[in-house]
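Student: I'd like to ask some things about the structure below.
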Amino acid sequence: MAGVDYLADERNKAEFDVDSMKIVWAGSRHTFEVADRISKLVANDPAFRKDDRPMLPRKELFKNTLRKAAYAWKLITELRLSEEEASKLRFFVDEPAYTDLHWGMFVPALKGQCTDEQQSKWLPLAYKMQIIGCYAQTELGHGSNVQGLETTATFDPQTDEFVIHSPTLTSSKCYHTVEVLCTWWPGGLGKVSTHAVVYARLITDGKDHGVHGFIVQLRSMEDHKPLPGITVGDIGMKFGNGAYNTMDNGVLTLDHVRIPRDQMMMRVSQVTREGKYKQSDVPRQLVYGTMVYVRQKIVADASCALSKAVCIATRYSAVRRQFGSQNGGPETQSAHYRKSYTGLIQVIDYKTQQNRLFPLLASAYAFRFVGEWLKWLYTDVTQRLAVNDFSTLPEAHACTAGLKSLTTTATADGIEECRKLCGGHGYLCTSGLPELFAVYVPACTYEGDNIVLLLQVARFLMKTVSQIGSGKQPVGTIAYMGRVEHLLKSRCSVQRAEDWLNPSQVLEAFEARAARMSVSCAQNLSKFSNPEEGFAELSADLVEAAVAHCQLIVVSKFLDKLQQDIPGKGVKQLLQAVCGIYYLSLLHKHQGEFLATSYITPKQAALASDQLRALYSKVRPNAIALVDSFNYTDHFLGSILGCYDGNVYPKLYEAAKKDPLNDTVVPDGYHEYLKPLLKQQLHSAKL
Ligand SMILES: CC/C=C\C/C=C\C/C=C\C/C=C\C/C=C\C/C=C\CCCCC(=O)SCCNC(=O)CCNC(=O)[C@H](O)C(C)(C)COP(=O)(O)OP(=O)(O)OC[C@H]1O[C@@H](n2cnc3c(N)ncnc32)[C@H](O)[C@@H]1OP(=O)(O)O
Ligand SMILES: Cc1cc2nc3c(=O)[nH]c(=O)nc-3n(C[C@H](O)[C@H](O)[C@H](O)COP(=O)(O)OP(=O)(O)OC[C@H]3O[C@@H](n4cnc5c(N)ncnc54)[C@H](O)[C@@H]3O)c2cc1C
């Protein structure tokens, strides 16, 4: 029946004020209002329909994305949307597009790596989308190892130009030969971008100065054809239907392409008219600054993707009933459920379902808050860099790299878990989960492979441990290393399950585990005469130490959030329970590490599990309200299983009827392939 809310009973159970929680989730009342307005604008506009995506052939899919991006830009200009509103529009349109790379990487690269003069030339063009850019760093043979890139930019003092060249190029016109060492992967490059920030080894006077960024025009502004010396195209279909195939990830070869000298991005270093290489007094690592910016953005986005999956799985788990009986009769599976419920059991009431679902719900909130904090850290480091204070850059790099790795791995795994939590129907495209997984999972690879990034964190940790006792006091997220002596000796004081609700006890447990794992790695490293050899040999342990450090950051930022004034009936209490689920589920999952480092005893680990179960019961009646607090429209969720009213079954049935295979009762191909087969069997049966 239209208009019935099948989840109304669930919503009535909530013990907190959902409207207040919506504001906590959004970050502020203002952010909530902008998001609410823009999400409805997108949801109500048929131009942004997306349910057909998994069915569309690639060319149509891509053209449709171009149409949506052009229409979005028209709205942005006609409605005079602010940067914040435009960015929300992109978010709620919910379709990867070349615009993500233009705004998310090309523009930030211009801002971070160009001189003021260069910015004043390029930024106005980029802001008006009179040029469209991408970030062309990765090559066919080199992604993680940026220092290993092989494209060259050789200065020609005769003409005051750089000659950009993809080396070992045996054919500039086709991709068939394996010896082409081209740029490979950049989003927006394949079919759209007019310009690219290309990373290449700078060569002046025969000397290699390492990797630098250059602005290269790729296509004619008249007819969009590649300029001379440039061969460019799409790299082909990627994982999943729809999903990331709306993006034109590209391949590019540059055959002695000439660009003016002032198209080298010269904030970090310069080449003079005479061809002299000059380094500014800013650190070389700023060449990597765009990656720091995007990793921070990716952390903020992780909570969105995970919360979407969790919202679908939570609503469906409340709708779906399995076992029990219509009247609470004898075939009900267990006495516990028979006592608690009459009728069929909602699958959300199974403790196993809660044990898989609620830690993901808690992670979505945890990632939201750590994302907010990371945004603050990034803003802070940017302000410092502007006045040549580079002191916090290593920590910002470690935090963005580590949290990008931690949150994207957990989110990709979490989306897949949510699909399984929805049973068979989770495997249908109309559940929204297959496409969400396919579109999200490359986040574990792009912007730095997650293991490679954790190894960067491990380097930072080992450096910090080696400096203990040198008088240099660790600060920020690594400040706990300053108390390492205490953390190595201390023992957990938990005696009752409720003691695990004490924030200072929890913090010390995570600090002790992280510190002990780092110190143990450092001790093992010191046994190697060659530190690099030791680092390679112990890299699996180092990755685990890095994960422990990153989890500590997330836990501590969640606990910090709870120290703030959080208005709204019951909101803080619920967030305390959610936070408890986050850290206790981590403690349970990694209890081997907490036990092996001897900070907790097996008895204390068991008490943590008792407390965790108690928190599941606290959260259970609030589960639907907690996911309603994300304030997602049905359009944004793109899932029948997650629809707001919970009216799942009729919608599944209607959607199935609309599948193109059901356009005819007898399928195409019956006459060619089925009828002869069936006839032949009939004939042999008669024989
Ligand atoms: C319709 C809508 C309209 C409008 C839309 C409006 C708005 C949209 C707005 C925004 C969009 C929002 C967001 C976009 C979000 C996402 C974008 C979408 C998709 C993303 C696509 C992904 C793109 C890419 O993948 S780009 C390529 C990324 N590549 C990598 O990440 C490579 C990984 N490798 C590395 O980072 C490094 O090479 C390495 C770190 C692994 C190498 O390390 P190594 O130590 O070997 O190298 P060195 O280079 O020698 O380093 C030495 C020292 O430097 C330090 N270091 C390293 N990296 C950094 C860094 N990044 N920052 C600071 N310092 C760094 C390192 O620690 C060493 O220091 P030490 O002190 O010497 O020890
Ligand atoms: C969807 C998508 C979009 C992308 N968009 C862009 C873009 O816009 N611009 C751009 O420039 N690039 C882009 N990329 C490329 C991306 O940045 C790289 O793929 C990424 O940095 C990983 O590098 P790689 O492919 O070389 O992986 P590899 O380094 O080859 O990784 C292969 C395996 O080796 C392991 N490994 C590698 N090095 C080490 C090590 N030192 N120690 C231990 N293990 C190691 C990794 O963990 C991984 O398991 C994109 C990639 C994807 C998938």
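Just remember, in the structure tokens the first chain shown is A, the second B, etc., residues are 1-based per chain, and ligands are 1-based in the order shown.
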Around ligand 2, which protein and nucleic acid residues have at least one atom no more than 8 Å from it, if we count only C-alpha atoms and all ligand atoms? List them as an NGL selection string.

Tutor: :A and (101 or 105 or 134-145 or 183-189 or 238 or 244 or 249 or 442-443 or 445-452 or 455 or 536 or 539)

Student: Any chance you could export the current selection's C-alpha atoms as a compact mmCIF listing (two decimals), in the first residue's frame?

Tutor:
```txt
# COMPACT_ATOMS: atom_id res chain seq x y z
CA LEU A 101 39.79 14.75 -11.30
CA MET A 105 43.35 16.88 -8.47
CA CYS A 134 43.58 15.65 -15.15
CA TYR A 135 46.45 14.35 -13.01
CA ALA A 136 48.80 12.25 -15.14
CA GLN A 137 51.35 10.64 -12.88
CA THR A 138 51.07 6.84 -13.05
CA GLU A 139 52.77 5.03 -15.93
CA LEU A 140 52.23 1.53 -17.30
CA GLY A 141 55.31 0.37 -15.41
CA HIS A 142 55.32 2.69 -12.37
CA GLY A 143 52.52 3.59 -9.98
CA SER A 144 53.64 3.22 -6.38
CA ASN A 145 57.25 4.09 -7.11
CA THR A 183 51.17 7.17 -18.86
CA TRP A 184 48.37 4.82 -17.84
CA TRP A 185 45.32 5.20 -15.55
CA PRO A 186 44.63 8.92 -15.09
CA GLY A 187 40.89 9.57 -14.82
CA GLY A 188 39.50 12.12 -17.28
CA LEU A 189 42.51 11.65 -19.56
CA LYS A 238 37.03 -1.88 -15.51
CA TYR A 244 33.80 3.21 -12.35
CA ASN A 249 40.79 6.39 -17.33
CA PRO A 442 39.67 0.81 -6.33
CA ALA A 443 40.02 3.34 -3.50
CA THR A 445 44.63 1.10 -4.79
CA TYR A 446 44.36 4.59 -6.23
CA GLU A 447 45.99 7.48 -4.52
CA GLY A 448 48.52 5.02 -3.13
CA ASP A 449 48.24 1.24 -2.72
CA ASN A 450 47.08 0.65 0.85
CA ILE A 451 50.04 -1.51 1.85
CA VAL A 452 52.55 0.89 0.33
CA LEU A 455 54.77 1.20 4.98
CA ALA A 536 61.96 -5.27 3.78
CA SER A 539 57.56 -5.36 6.43
```

Student: Looking at only C-alpha atoms and all ligand atoms, which of A:Leu453, A:Leu361, A:Ala366, A:Ile581 is the one that sits closest to ligand 1?

Tutor: A:Leu453

Student: Using backbone DSSP assignments, extract all strand (DSSP E) residues from stretch 132-375 of chain A; output them as a PyMOL selection string.

Tutor: chain A and resi 133-136+152-156+161-165+183-184+195-204+207-217+230-234+250-254+257-260+269-271+277-279+321-324+344-346
